[in-house]
Each structure stands twice: as structure tokens, then as C-alpha cells.
file work-v4.txt (compact mmCIF, C-alpha atoms)
# COMPACT_ATOMS: atom_id res chain seq x y z
CA MET A 21 -112.43 -39.01 -98.49
CA ASP A 22 -113.23 -38.32 -94.84
CA ILE A 23 -116.74 -36.83 -94.99
CA ALA A 24 -117.03 -36.73 -91.20
CA LEU A 25 -113.88 -34.61 -90.98
CA ILE A 26 -115.24 -32.20 -93.58
CA GLY A 27 -118.43 -31.82 -91.58
CA ARG A 28 -116.45 -30.99 -88.43
CA ILE A 29 -114.11 -28.45 -89.99
CA VAL A 30 -116.55 -26.48 -92.15
CA PRO A 31 -117.84 -24.19 -89.32
CA VAL A 32 -114.27 -23.36 -88.27
CA PHE A 33 -113.23 -22.68 -91.86
CA VAL A 34 -116.25 -20.46 -92.47
CA GLN A 35 -115.18 -18.38 -89.48
CA ALA A 36 -111.68 -18.14 -90.93
CA ALA A 37 -113.17 -17.15 -94.28
CA TRP A 38 -114.85 -14.17 -92.61
CA THR A 39 -111.42 -13.04 -91.45
CA THR A 40 -110.29 -13.30 -95.06
CA VAL A 41 -113.26 -11.17 -96.14
CA GLU A 42 -112.46 -8.53 -93.51
CA LEU A 43 -108.82 -8.49 -94.55
CA SER A 44 -109.82 -8.16 -98.21
CA LEU A 45 -112.20 -5.26 -97.54
CA LEU A 46 -109.67 -3.31 -95.50
CA SER A 47 -106.91 -3.87 -98.06
CA LEU A 48 -109.28 -2.94 -100.89
CA ALA A 49 -110.30 0.32 -99.19
CA LEU A 50 -106.67 1.28 -98.60
CA GLY A 51 -105.70 0.19 -102.10
CA LEU A 52 -108.39 2.29 -103.78
CA ALA A 53 -107.47 5.38 -101.77
CA VAL A 54 -103.76 5.07 -102.52
CA ALA A 55 -104.46 4.12 -106.14
CA ALA A 56 -106.51 7.28 -106.70
CA LEU A 57 -103.63 9.39 -105.39
CA VAL A 58 -101.00 7.54 -107.42
CA ALA A 59 -103.14 7.79 -110.57
CA MET A 60 -103.38 11.56 -110.03
CA LEU A 61 -99.59 11.71 -109.78
CA ARG A 62 -99.23 9.66 -112.95
CA LEU A 63 -101.58 12.03 -114.81
CA SER A 64 -100.02 15.22 -113.46
CA HIS A 65 -98.51 17.86 -115.73
CA VAL A 66 -95.59 18.17 -113.28
CA ALA A 67 -92.71 15.90 -114.25
CA ALA A 68 -91.57 15.31 -110.66
CA LEU A 69 -95.05 14.15 -109.64
CA ARG A 70 -95.30 11.86 -112.67
CA PHE A 71 -91.93 10.38 -111.75
CA ALA A 72 -93.06 9.79 -108.14
CA GLY A 73 -96.19 8.00 -109.33
CA ALA A 74 -94.26 5.90 -111.84
CA ALA A 75 -91.67 5.00 -109.18
CA TYR A 76 -94.38 3.80 -106.80
CA VAL A 77 -95.94 1.61 -109.49
CA SER A 78 -92.56 0.21 -110.55
CA VAL A 79 -91.49 -0.67 -107.00
CA PHE A 80 -94.72 -2.32 -105.89
CA ARG A 81 -95.37 -4.13 -109.17
CA GLY A 82 -91.74 -5.11 -109.58
CA THR A 83 -91.32 -6.85 -106.22
CA PRO A 84 -93.23 -9.85 -104.84
CA ALA A 85 -96.13 -9.08 -102.51
CA LEU A 86 -94.73 -11.66 -100.08
CA ILE A 87 -91.46 -9.72 -99.78
CA GLN A 88 -93.42 -6.53 -99.16
CA ILE A 89 -95.32 -8.23 -96.34
CA PHE A 90 -92.07 -9.48 -94.82
CA LEU A 91 -90.44 -6.03 -95.11
CA LEU A 92 -93.31 -4.38 -93.24
CA TYR A 93 -93.86 -7.05 -90.58
CA PHE A 94 -90.33 -8.31 -89.92
CA GLY A 95 -88.29 -5.33 -91.11
CA GLY A 96 -90.55 -2.59 -89.80
CA PRO A 97 -89.51 -2.90 -86.13
CA GLN A 98 -85.90 -2.13 -87.11
CA VAL A 99 -86.96 1.37 -88.17
CA GLY A 100 -89.52 1.89 -85.42
CA ILE A 101 -92.60 0.68 -87.32
CA GLN A 102 -94.43 -2.20 -85.68
CA PHE A 103 -97.83 -3.66 -86.52
CA GLU A 104 -99.87 -6.63 -85.41
CA PRO A 105 -99.95 -9.40 -88.05
CA PHE A 106 -103.47 -8.57 -89.28
CA ALA A 107 -102.71 -4.85 -89.64
CA ALA A 108 -99.36 -5.52 -91.32
CA GLY A 109 -101.01 -7.88 -93.79
CA ALA A 110 -103.84 -5.47 -94.61
CA ILE A 111 -101.47 -2.54 -95.12
CA ALA A 112 -98.96 -4.47 -97.22
CA LEU A 113 -101.65 -5.98 -99.44
CA GLY A 114 -103.37 -2.62 -99.80
CA LEU A 115 -100.19 -0.85 -100.83
CA ASN A 116 -99.38 -3.65 -103.27
CA ILE A 117 -102.76 -3.76 -105.00
CA ALA A 118 -102.79 0.06 -105.17
CA ALA A 119 -100.02 -0.07 -107.77
CA TYR A 120 -102.16 -2.24 -110.05
CA MET A 121 -105.35 -0.28 -109.39
CA ALA A 122 -103.59 3.00 -110.11
CA GLU A 123 -102.83 1.79 -113.62
CA SER A 124 -106.45 0.65 -114.05
CA ILE A 125 -107.69 4.10 -113.01
CA ARG A 126 -105.13 5.86 -115.19
CA GLY A 127 -106.06 3.69 -118.16
CA GLY A 128 -109.75 4.50 -117.69
CA VAL A 129 -109.08 8.25 -117.60
CA LEU A 130 -106.83 8.13 -120.67
CA SER A 131 -109.49 6.17 -122.55
CA VAL A 132 -111.88 9.13 -122.42
CA ASP A 133 -111.68 11.25 -125.57
CA ARG A 134 -109.47 14.29 -124.98
CA GLY A 135 -112.12 16.34 -126.72
CA GLN A 136 -114.33 15.91 -123.66
CA MET A 137 -111.85 17.78 -121.49
CA GLU A 138 -111.34 20.47 -124.14
CA ALA A 139 -115.10 20.95 -124.51
CA ALA A 140 -115.52 21.30 -120.75
CA ARG A 141 -112.72 23.84 -120.56
CA SER A 142 -114.28 25.85 -123.39
CA LEU A 143 -117.50 26.02 -121.35
CA GLY A 144 -115.65 27.63 -118.47
CA PHE A 145 -114.90 24.62 -116.29
CA GLY A 146 -111.54 24.53 -114.53
CA GLU A 147 -109.26 21.54 -115.01
CA GLY A 148 -110.28 20.01 -111.68
CA GLN A 149 -113.97 20.58 -112.37
CA SER A 150 -113.66 19.11 -115.85
CA MET A 151 -111.98 16.02 -114.46
CA ARG A 152 -114.52 15.61 -111.67
CA TRP A 153 -117.75 16.29 -113.54
CA ILE A 154 -116.97 15.30 -117.13
CA VAL A 155 -114.04 12.89 -117.43
CA LEU A 156 -114.28 10.73 -114.28
CA PRO A 157 -117.98 9.78 -114.68
CA GLN A 158 -117.19 8.48 -118.18
CA ALA A 159 -113.95 6.84 -117.08
CA ALA A 160 -115.69 5.07 -114.18
CA LYS A 161 -117.55 2.81 -116.61
CA LEU A 162 -114.24 1.77 -118.14
CA MET A 163 -112.57 1.14 -114.78
CA ILE A 164 -115.07 -1.35 -113.33
CA ARG A 165 -113.78 -4.48 -115.07
CA PRO A 166 -110.04 -3.82 -114.55
CA LEU A 167 -110.56 -2.83 -110.91
CA GLY A 168 -112.72 -5.94 -110.47
CA VAL A 169 -109.88 -8.12 -111.75
CA ASN A 170 -107.56 -6.41 -109.26
CA ALA A 171 -110.04 -7.04 -106.42
CA VAL A 172 -110.29 -10.74 -107.28
CA ALA A 173 -106.48 -10.99 -107.30
CA LEU A 174 -106.44 -9.30 -103.90
CA VAL A 175 -108.86 -11.81 -102.36
CA LYS A 176 -106.72 -14.72 -103.54
CA GLY A 177 -103.57 -12.90 -102.50
CA THR A 178 -104.71 -12.73 -98.87
CA ALA A 179 -103.42 -16.30 -98.55
CA LEU A 180 -99.92 -14.79 -98.34
CA VAL A 181 -100.54 -13.36 -94.87
CA ALA A 182 -100.64 -16.90 -93.49
CA THR A 183 -96.85 -16.59 -93.53
CA ILE A 184 -97.01 -13.99 -90.73
CA SER A 185 -99.53 -15.99 -88.68
CA VAL A 186 -102.73 -14.13 -89.55
CA VAL A 187 -105.46 -16.62 -88.69
CA GLU A 188 -107.32 -16.48 -92.00
CA LEU A 189 -108.43 -19.29 -94.29
CA THR A 190 -105.08 -20.55 -95.53
CA TYR A 191 -103.42 -20.38 -92.11
CA THR A 192 -106.33 -22.31 -90.61
CA ALA A 193 -105.94 -24.97 -93.31
CA GLN A 194 -102.26 -25.35 -92.55
CA ARG A 195 -102.94 -25.79 -88.84
CA PHE A 196 -105.56 -28.47 -89.44
CA ILE A 197 -103.29 -30.40 -91.79
CA GLY A 198 -100.73 -30.61 -89.02
CA SER A 199 -103.25 -32.17 -86.66
CA THR A 200 -105.33 -34.33 -89.02
CA TYR A 201 -102.85 -35.36 -91.76
CA LYS A 202 -105.69 -35.07 -94.27
CA PRO A 203 -104.43 -32.50 -96.79
CA PHE A 204 -106.88 -33.42 -99.56
CA GLU A 205 -110.00 -32.81 -97.50
CA ILE A 206 -108.55 -29.70 -95.84
CA PHE A 207 -107.43 -28.01 -99.03
CA ALA A 208 -110.61 -29.06 -100.87
CA VAL A 209 -112.75 -27.23 -98.30
CA THR A 210 -110.35 -24.26 -98.44
CA ALA A 211 -110.55 -24.10 -102.24
CA VAL A 212 -114.36 -24.23 -102.22
CA LEU A 213 -114.56 -21.34 -99.76
CA TYR A 214 -112.17 -19.24 -101.84
CA MET A 215 -114.25 -20.02 -104.92
CA ILE A 216 -117.42 -18.89 -103.14
CA MET A 217 -115.80 -15.58 -102.16
CA VAL A 218 -114.45 -14.97 -105.65
CA TYR A 219 -117.77 -15.94 -107.27
CA GLY A 220 -119.68 -13.55 -105.01
CA LEU A 221 -117.26 -10.74 -105.86
CA THR A 222 -117.53 -11.53 -109.57
CA LEU A 223 -121.32 -11.31 -109.40
CA LEU A 224 -121.04 -7.89 -107.73
CA ILE A 225 -118.66 -6.68 -110.43
CA ASP A 226 -121.01 -7.92 -113.17
CA ARG A 227 -123.94 -6.13 -111.55
CA LEU A 228 -122.00 -2.86 -111.30
CA ASP A 229 -120.85 -3.20 -114.90
CA ARG A 230 -124.42 -3.74 -116.12
CA ALA A 231 -125.70 -0.85 -114.01
CA TYR A 232 -123.18 1.56 -115.52
CA ALA A 233 -123.77 0.16 -119.00
CA GLY A 234 -127.50 0.88 -118.56
CA GLU A 235 -126.70 4.52 -117.86
CA ALA A 236 -124.56 4.86 -120.97
call {"tool": "encode", "arguments": {"input": "work-v4.txt", "output": "C-alpha cells"}}
result
Amino acid sequence: MDIALIGRIVPVFVQAAWTTVELSLLSLALGLAVAALVAMLRLSHVAALRFAGAAYVSVFRGTPALIQIFLLYFGGPQVGIQFEPFAAGAIALGLNIAAYMAESIRGGVLSVDRGQMEAARSLGFGEGQSMRWIVLPQAAKLMIRPLGVNAVALVKGTALVATISVVELTYTAQRFIGSTYKPFEIFAVTAVLYMIMVYGLTLLIDRLDRAYAGEA
């Protein structure tokens, strides 16, 4: 093992890891926003809206995230949509993870006893008010773990954007392998940095879960 090489590349790889973190945060923010909307569609009393939500989930869960990235980045210009690699990667990953998060949100809402909604309505709350003030606060506790799993998958999935030349952790590793011919050391450092990011995210999820459990 080339320890000297590892010492030289670590600062560069840490910088690339920050790009991965930024990409993950942007994709996560987009994913949560879209997921909330799709979950509302899936829970709607209107059949057409339920169908639209189900179609979104089916398309984005039924096709590889890599193909979705390629469609947006390479296929987008054909229909007048053009993004820089970083933006294309963030948008594609966000739209992809939204399909999984929507089901996590929907599952959390459906896990709340229907009697809670009925009791709120009997007290004079409208359907929207009942959902906002009664159902969602209880469902939030049930969503933390599933959404956390989705977030971890998203962080690891950012490696896919290396295929469209986003200079994040995996892309940086590939470039260094081409110049050093030391794949073991390069990928070992890459793996450790991914593990650190995932471990930090897992700790945050555990803390949120305990905080909500303490309020129960």
C-alpha cells in the first residue's frame, strides 16, 4: 500500500467530498419538496390525482436513476432543456429519490389511526386543518426512519453523476486512477469518505428519531 500517495490525495478527496455533500443536500431538498406533493396526490380523494401520483412513482422507481440522469443531461438539449452537469445531476437525483420519499411519507400518514382524522373533523376542523395539525405531527415520527434510509441511498447514489463529469468524489477517484494506476489506495480512500458521510447522516437520523420519540 502506498501510504505516501494516500497522504497526498486526501486533501483533494476531502474537497471532492464537499461537492458530494452539496449535491446531496440540493437533491434532498428538491426530493422532499416533490415527494410531499406526490404524496398529497397519492392520498387525494380525486381519482385522476391519485393516478398522476401513482404514475410518477411507477416511472421513477421503475427506471434506473442512471438512465434518468442521461435523459435529462444528454436528451434534454433535444427538447430545449439544457443544464450544467452539476445542476442536471442534482435535479435528476432529486426527482428520482422523490418517488421513494413520497411512498415513505404516504406510508407514515396511512399509519396514523383513521379515528384521529374523524375526531378532528368532529371538533370542527376542516380536512386540511386536520391533516396539518393532527395527522402530520403524528405521522412525522413514523416517517423519520424511512426518509433517513432514502437519504442514505441518495448520498451513495450521487456517485452516478460521475458519468456526466460532475467533479465529485467518485469522478475524482476515477481521474486519479488514470494518473497513478493505484486503484486500491484510491478506492479505499473514496470508500472511507463515503462511510464518514453516511455515518454522520445516520447519527443525525438517530438523534431526530430519539427527539421525536421523547415527545411521544
call {"tool": "closest_residue", "arguments": {"input": "work-v4.txt", "among": "A:Val187, A:Ala233, A:Ala67, A:Met215", "to": "Trp38 in chain A", "atoms": "all atoms listed in the file"}}
result
A:Val187
call {"tool": "axis_aligned_box", "arguments": {"input": "work-v4.txt", "around": "range 186-205 of chain A", "padding_each_side": "6 Å", "output": "AutoDock Vina command-line options"}}
result
--center_x -105.4 --center_y -24.7 --center_z -93.1 --size_x 21.3 --size_y 33.2 --size_z 24.9
call {"tool": "residues_around", "arguments": {"input": "work-v4.txt", "residues": "Arg62 in chain A", "least_positions_apart": "6", "cutoff": "8 Å", "atoms": "only C-alpha atoms", "output": "PyMOL selection string"}}
result
chain A and resi 69-74+126
call {"tool": "residues_around", "arguments": {"input": "work-v4.txt", "residues": "range 195-205 of chain A", "least_positions_apart": "2", "cutoff": "8 Å", "atoms": "all atoms listed in the file", "output": "PDB file with C-alpha atoms, in the frame of the given file"}}
result
ATOM      1  CA  MET A  21    -112.430 -39.010 -98.490  1.00  0.00           C
ATOM      2  CA  ASP A  22    -113.230 -38.320 -94.840  1.00  0.00           C
ATOM      3  CA  LEU A  25    -113.880 -34.610 -90.980  1.00  0.00           C
ATOM      4  CA  ILE A  26    -115.240 -32.200 -93.580  1.00  0.00           C
ATOM      5  CA  TYR A 191    -103.420 -20.380 -92.110  1.00  0.00           C
ATOM      6  CA  THR A 192    -106.330 -22.310 -90.610  1.00  0.00           C
ATOM      7  CA  ALA A 193    -105.940 -24.970 -93.310  1.00  0.00           C
ATOM      8  CA  PHE A 207    -107.430 -28.010 -99.030  1.00  0.00           C
ATOM      9  CA  ALA A 208    -110.610 -29.060-100.870  1.00  0.00           C
ATOM     10  CA  VAL A 209    -112.750 -27.230 -98.300  1.00  0.00           C
TER      11      VAL A 209
END
call {"tool": "closest_residue", "arguments": {"input": "work-v4.txt", "among": "A:Gly95, A:Gly114, A:Gly127, A:Pro105", "to": "Arg165 in chain A", "atoms": "all atoms listed in the file"}}
result
A:Gly127
call {"tool": "closest_residue", "arguments": {"input": "work-v4.txt", "among": "A:Asn170, A:Thr183, A:Asn116, A:Ser131", "to": "Val54 in chain A", "atoms": "only C-alpha atoms"}}
result
A:Asn116
call {"tool": "decode", "arguments": {"input": "work-v4.txt", "residues": "range 104-131 of chain A", "atoms": "N, CA, C and O atoms", "output": "JSON list (two decimals), in the first residue's frame"}}
result
[["chain", "number", "residue", "atom", "x", "y", "z"],
["A", 104, "GLU", "N", -26.15, 22.56, -16.75],
["A", 104, "GLU", "CA", -24.77, 22.20, -16.45],
["A", 104, "GLU", "C", -24.77, 20.83, -15.76],
["A", 104, "GLU", "O", -25.78, 20.42, -15.18],
["A", 105, "PRO", "N", -23.64, 20.11, -15.81],
["A", 105, "PRO", "CA", -23.61, 18.76, -15.22],
["A", 105, "PRO", "C", -24.06, 18.72, -13.76],
["A", 105, "PRO", "O", -24.86, 17.85, -13.38],
["A", 106, "PHE", "N", -23.59, 19.65, -12.93],
["A", 106, "PHE", "CA", -23.96, 19.62, -11.51],
["A", 106, "PHE", "C", -25.47, 19.80, -11.35],
["A", 106, "PHE", "O", -26.11, 19.06, -10.58],
["A", 107, "ALA", "N", -26.05, 20.78, -12.05],
["A", 107, "ALA", "CA", -27.48, 21.02, -11.93],
["A", 107, "ALA", "C", -28.29, 19.83, -12.45],
["A", 107, "ALA", "O", -29.28, 19.42, -11.83],
["A", 108, "ALA", "N", -27.86, 19.27, -13.57],
["A", 108, "ALA", "CA", -28.57, 18.11, -14.13],
["A", 108, "ALA", "C", -28.53, 16.95, -13.16],
["A", 108, "ALA", "O", -29.55, 16.26, -12.95],
["A", 109, "GLY", "N", -27.38, 16.72, -12.53],
["A", 109, "GLY", "CA", -27.26, 15.63, -11.58],
["A", 109, "GLY", "C", -28.14, 15.85, -10.36],
["A", 109, "GLY", "O", -28.83, 14.92, -9.90],
["A", 110, "ALA", "N", -28.14, 17.07, -9.82],
["A", 110, "ALA", "CA", -28.94, 17.37, -8.63],
["A", 110, "ALA", "C", -30.43, 17.21, -8.92],
["A", 110, "ALA", "O", -31.18, 16.64, -8.12],
["A", 111, "ILE", "N", -30.87, 17.71, -10.08],
["A", 111, "ILE", "CA", -32.29, 17.62, -10.43],
["A", 111, "ILE", "C", -32.71, 16.17, -10.65],
["A", 111, "ILE", "O", -33.74, 15.72, -10.14],
["A", 112, "ALA", "N", -31.92, 15.44, -11.42],
["A", 112, "ALA", "CA", -32.27, 14.05, -11.72],
["A", 112, "ALA", "C", -32.31, 13.20, -10.45],
["A", 112, "ALA", "O", -33.24, 12.41, -10.24],
["A", 113, "LEU", "N", -31.32, 13.37, -9.59],
["A", 113, "LEU", "CA", -31.30, 12.60, -8.34],
["A", 113, "LEU", "C", -32.45, 13.00, -7.43],
["A", 113, "LEU", "O", -33.05, 12.16, -6.75],
["A", 114, "GLY", "N", -32.76, 14.31, -7.40],
["A", 114, "GLY", "CA", -33.86, 14.77, -6.57],
["A", 114, "GLY", "C", -35.19, 14.22, -7.03],
["A", 114, "GLY", "O", -36.02, 13.76, -6.22],
["A", 115, "LEU", "N", -35.42, 14.24, -8.34],
["A", 115, "LEU", "CA", -36.68, 13.70, -8.87],
["A", 115, "LEU", "C", -36.78, 12.20, -8.65],
["A", 115, "LEU", "O", -37.87, 11.66, -8.41],
["A", 116, "ASN", "N", -35.65, 11.51, -8.74],
["A", 116, "ASN", "CA", -35.64, 10.06, -8.52],
["A", 116, "ASN", "C", -35.95, 9.71, -7.07],
["A", 116, "ASN", "O", -36.82, 8.89, -6.78],
["A", 117, "ILE", "N", -35.25, 10.35, -6.13],
["A", 117, "ILE", "CA", -35.45, 9.99, -4.72],
["A", 117, "ILE", "C", -36.82, 10.43, -4.25],
["A", 117, "ILE", "O", -37.36, 9.86, -3.29],
["A", 118, "ALA", "N", -37.42, 11.43, -4.91],
["A", 118, "ALA", "CA", -38.75, 11.89, -4.53],
["A", 118, "ALA", "C", -39.77, 10.76, -4.63],
["A", 118, "ALA", "O", -40.71, 10.69, -3.82],
["A", 119, "ALA", "N", -39.62, 9.89, -5.61],
["A", 119, "ALA", "CA", -40.57, 8.80, -5.77],
["A", 119, "ALA", "C", -40.53, 7.86, -4.57],
["A", 119, "ALA", "O", -41.58, 7.37, -4.12],
["A", 120, "TYR", "N", -39.35, 7.62, -4.04],
["A", 120, "TYR", "CA", -39.21, 6.75, -2.87],
["A", 120, "TYR", "C", -39.67, 7.47, -1.60],
["A", 120, "TYR", "O", -40.34, 6.88, -0.74],
["A", 121, "MET", "N", -39.33, 8.74, -1.49],
["A", 121, "MET", "CA", -39.73, 9.50, -0.31],
["A", 121, "MET", "C", -41.24, 9.71, -0.26],
["A", 121, "MET", "O", -41.82, 9.75, 0.83],
["A", 122, "ALA", "N", -41.85, 9.85, -1.42],
["A", 122, "ALA", "CA", -43.31, 10.02, -1.46],
["A", 122, "ALA", "C", -44.00, 8.82, -0.83],
["A", 122, "ALA", "O", -44.98, 8.96, -0.07],
["A", 123, "GLU", "N", -43.50, 7.63, -1.12],
["A", 123, "GLU", "CA", -44.09, 6.43, -0.53],
["A", 123, "GLU", "C", -43.82, 6.35, 0.98],
["A", 123, "GLU", "O", -44.65, 5.85, 1.74],
["A", 124, "SER", "N", -42.66, 6.85, 1.42],
["A", 124, "SER", "CA", -42.37, 6.89, 2.85],
["A", 124, "SER", "C", -43.32, 7.84, 3.57],
["A", 124, "SER", "O", -43.83, 7.53, 4.66],
["A", 125, "ILE", "N", -43.57, 9.00, 2.96],
["A", 125, "ILE", "CA", -44.49, 9.97, 3.54],
["A", 125, "ILE", "C", -45.91, 9.42, 3.56],
["A", 125, "ILE", "O", -46.63, 9.49, 4.56],
["A", 126, "ARG", "N", -46.32, 8.85, 2.44],
["A", 126, "ARG", "CA", -47.66, 8.27, 2.33],
["A", 126, "ARG", "C", -47.85, 7.17, 3.37],
["A", 126, "ARG", "O", -48.89, 7.08, 4.03],
["A", 127, "GLY", "N", -46.84, 6.31, 3.51],
["A", 127, "GLY", "CA", -46.93, 5.24, 4.49],
["A", 127, "GLY", "C", -47.07, 5.76, 5.90],
["A", 127, "GLY", "O", -47.82, 5.22, 6.72],
["A", 128, "GLY", "N", -46.34, 6.85, 6.23],
["A", 128, "GLY", "CA", -46.44, 7.44, 7.56],
["A", 128, "GLY", "C", -47.82, 7.98, 7.83],
["A", 128, "GLY", "O", -48.38, 7.78, 8.92],
["A", 129, "VAL", "N", -48.41, 8.66, 6.84],
["A", 129, "VAL", "CA", -49.76, 9.23, 7.00],
["A", 129, "VAL", "C", -50.79, 8.12, 7.17],
["A", 129, "VAL", "O", -51.66, 8.19, 8.05],
["A", 130, "LEU", "N", -50.69, 7.07, 6.37],
["A", 130, "LEU", "CA", -51.66, 5.97, 6.44],
["A", 130, "LEU", "C", -51.52, 5.17, 7.73],
["A", 130, "LEU", "O", -52.46, 4.47, 8.12],
["A", 131, "SER", "N", -50.37, 5.27, 8.37],
["A", 131, "SER", "CA", -50.15, 4.53, 9.62],
["A", 131, "SER", "C", -50.86, 5.17, 10.81],
["A", 131, "SER", "O", -51.03, 4.53, 11.85]]
